[in-house]
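The structure appears right after this line, and notes come after that.
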Amino acid sequence: MFVVIFGRPACPFCTRAKDLADKLSDTGAISGYRYIDIHEEGITKADMEKTIGKPVETVPQIFVDQTHIGGFTEFDQYVSDNALLPASTEQ
């Protein structure tokens with residue numbers, strides 16, 4: 001399972017998503033992740049909307065194995081629903 005996080009600098013939810021992905025990677029729950037800084041890469045919300053297929057209002061936008069999950073809240077729920085982290089290491 002591979003995670004891709006589209007985010008921007010100084011975004012607290014992007015930081016939380018990266019921290020959660022780090023935990024998942026450290027425990028072996030995912031094979032790894034890639035963080036993409038949308039400003040550094042020149043990616044616009046319109047670009048993400050084309051990929052996702054619906055309006056994008058916020059970052060992060062997170063994909064698991066090329067399936068759009070949503071933002072941090074949806075990613076956190078996905079991790080919980082799929083029991084990807086032991087209860088002692090969840091947020």
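How things are named: the first chain in the structure tokens is A, the next is B, and so on; residues count from 1 in each chain; ligands count from 1 in the order shown.
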
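If you count only C-alpha atoms and ignore residues fewer than 2 places along the chain from Lys23 of chain A, what sits within 12 Å of it is A:Arg16, A:Ala17, A:Lys18, A:Asp19, A:Leu20, A:Ala21, A:Ser25, A:Asp26, A:Thr27, A:Gly28, A:Ala29, A:Ile30, A:Ser31, A:Gly32, A:Tyr33, A:Asp76, A:Val79, A:Leu84, A:Leu85, A:Pro86, A:Ser88, A:Thr89, A:Glu90, A:Gln91.
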
| task | DSSP on the backbone, then: every residue of segment 17-72 of chain A marked strand (DSSP E or B), written as a PyMOL selection string. | result | chain A and resi 32-37+61-64+67-70

Let's have the selection written as a short mmCIF file (atom, residue, chain, number, x, y, z; two decimals), in the first residue's frame, with C-alpha atoms.
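Contents of part-v1.cif, freshly written:
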data_model
loop_
_atom_site.label_atom_id
_atom_site.label_comp_id
_atom_site.auth_asym_id
_atom_site.auth_seq_id
_atom_site.Cartn_x
_atom_site.Cartn_y
_atom_site.Cartn_z
CA GLY A 32 5.87 4.09 1.85
CA TYR A 33 4.53 7.48 0.94
CA ARG A 34 5.32 10.51 -1.16
CA TYR A 35 4.61 14.06 -0.10
CA ILE A 36 4.11 16.49 -2.96
CA ASP A 37 4.35 20.21 -2.21
CA GLN A 61 -5.53 15.65 -0.74
CA ILE A 62 -4.54 12.05 -0.11
CA PHE A 63 -4.46 8.95 -2.30
CA VAL A 64 -3.97 5.36 -1.19
CA THR A 67 -7.58 5.84 -4.91
CA HIS A 68 -8.56 9.29 -3.65
CA ILE A 69 -9.28 9.12 0.08
CA GLY A 70 -9.86 12.81 0.82
#

| request: Could you find all residues in chain A that DSSP calls alpha helix (DSSP H) from the backbone, and write them as a VMD selection string? | output: chain A and resid 12 to 27 38 to 41 45 to 52 72 to 81

Next, dump the selected residues to file, keeping only C-alpha atoms, as a short mmCIF file (atom, residue, chain, number, x, y, z; two decimals), in the first residue's frame.
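What landed in result20.cif:
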data_model
loop_
_atom_site.label_atom_id
_atom_site.label_comp_id
_atom_site.auth_asym_id
_atom_site.auth_seq_id
_atom_site.Cartn_x
_atom_site.Cartn_y
_atom_site.Cartn_z
CA PRO A 12 -1.20 21.95 9.86
CA PHE A 13 -3.38 19.20 8.38
CA CYS A 14 -0.68 18.45 5.80
CA THR A 15 1.82 18.08 8.63
CA ARG A 16 -0.53 15.77 10.51
CA ALA A 17 -1.04 13.68 7.36
CA LYS A 18 2.74 13.36 6.89
CA ASP A 19 3.17 12.41 10.57
CA LEU A 20 0.50 9.73 10.24
CA ALA A 21 2.08 8.43 7.04
CA ASP A 22 5.44 8.30 8.84
CA LYS A 23 3.88 6.16 11.60
CA LEU A 24 2.27 3.88 9.03
CA SER A 25 5.56 3.52 7.17
CA ASP A 26 7.54 2.90 10.39
CA THR A 27 5.17 0.09 11.44
CA ILE A 38 1.80 21.66 -4.62
CA HIS A 39 3.45 25.10 -4.59
CA GLU A 40 6.93 23.73 -5.30
CA GLU A 41 5.60 21.49 -8.08
CA LYS A 45 -6.34 23.12 -7.27
CA ALA A 46 -7.74 22.99 -10.81
CA ASP A 47 -5.08 20.39 -11.69
CA MET A 48 -6.10 18.30 -8.67
CA GLU A 49 -9.78 18.68 -9.53
CA LYS A 50 -9.12 17.12 -12.94
CA THR A 51 -7.42 14.14 -11.30
CA ILE A 52 -9.91 13.71 -8.47
CA PHE A 72 -6.55 14.40 6.66
CA THR A 73 -9.79 13.60 8.49
CA GLU A 74 -10.77 11.00 5.89
CA PHE A 75 -7.23 9.57 5.88
CA ASP A 76 -7.26 9.27 9.68
CA GLN A 77 -10.65 7.54 9.49
CA TYR A 78 -9.37 5.21 6.73
CA VAL A 79 -6.44 4.21 8.95
CA SER A 80 -8.79 3.58 11.87
CA ASP A 81 -11.41 1.70 9.81
#

| query | atom CA of Val56 of chain A to atom CA of Gly42 of chain A: how many Å, to one decimal? | reply |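 A separation of 15.6 Å between them.
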
| task | Using only C-alpha atoms, pick whichever of A:Cys11, A:Ala83, A:Ile43, A:Met1 has the shortest atom-to-atom distance to Val59 of chain A. | result |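 Among the listed residues, the smallest separation from Val59 of chain A belongs to A:Cys11.
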
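For the pair atom CA of Arg8 of chain A and atom CA of Asn82 of chain A, the separation is 26.7 Å.
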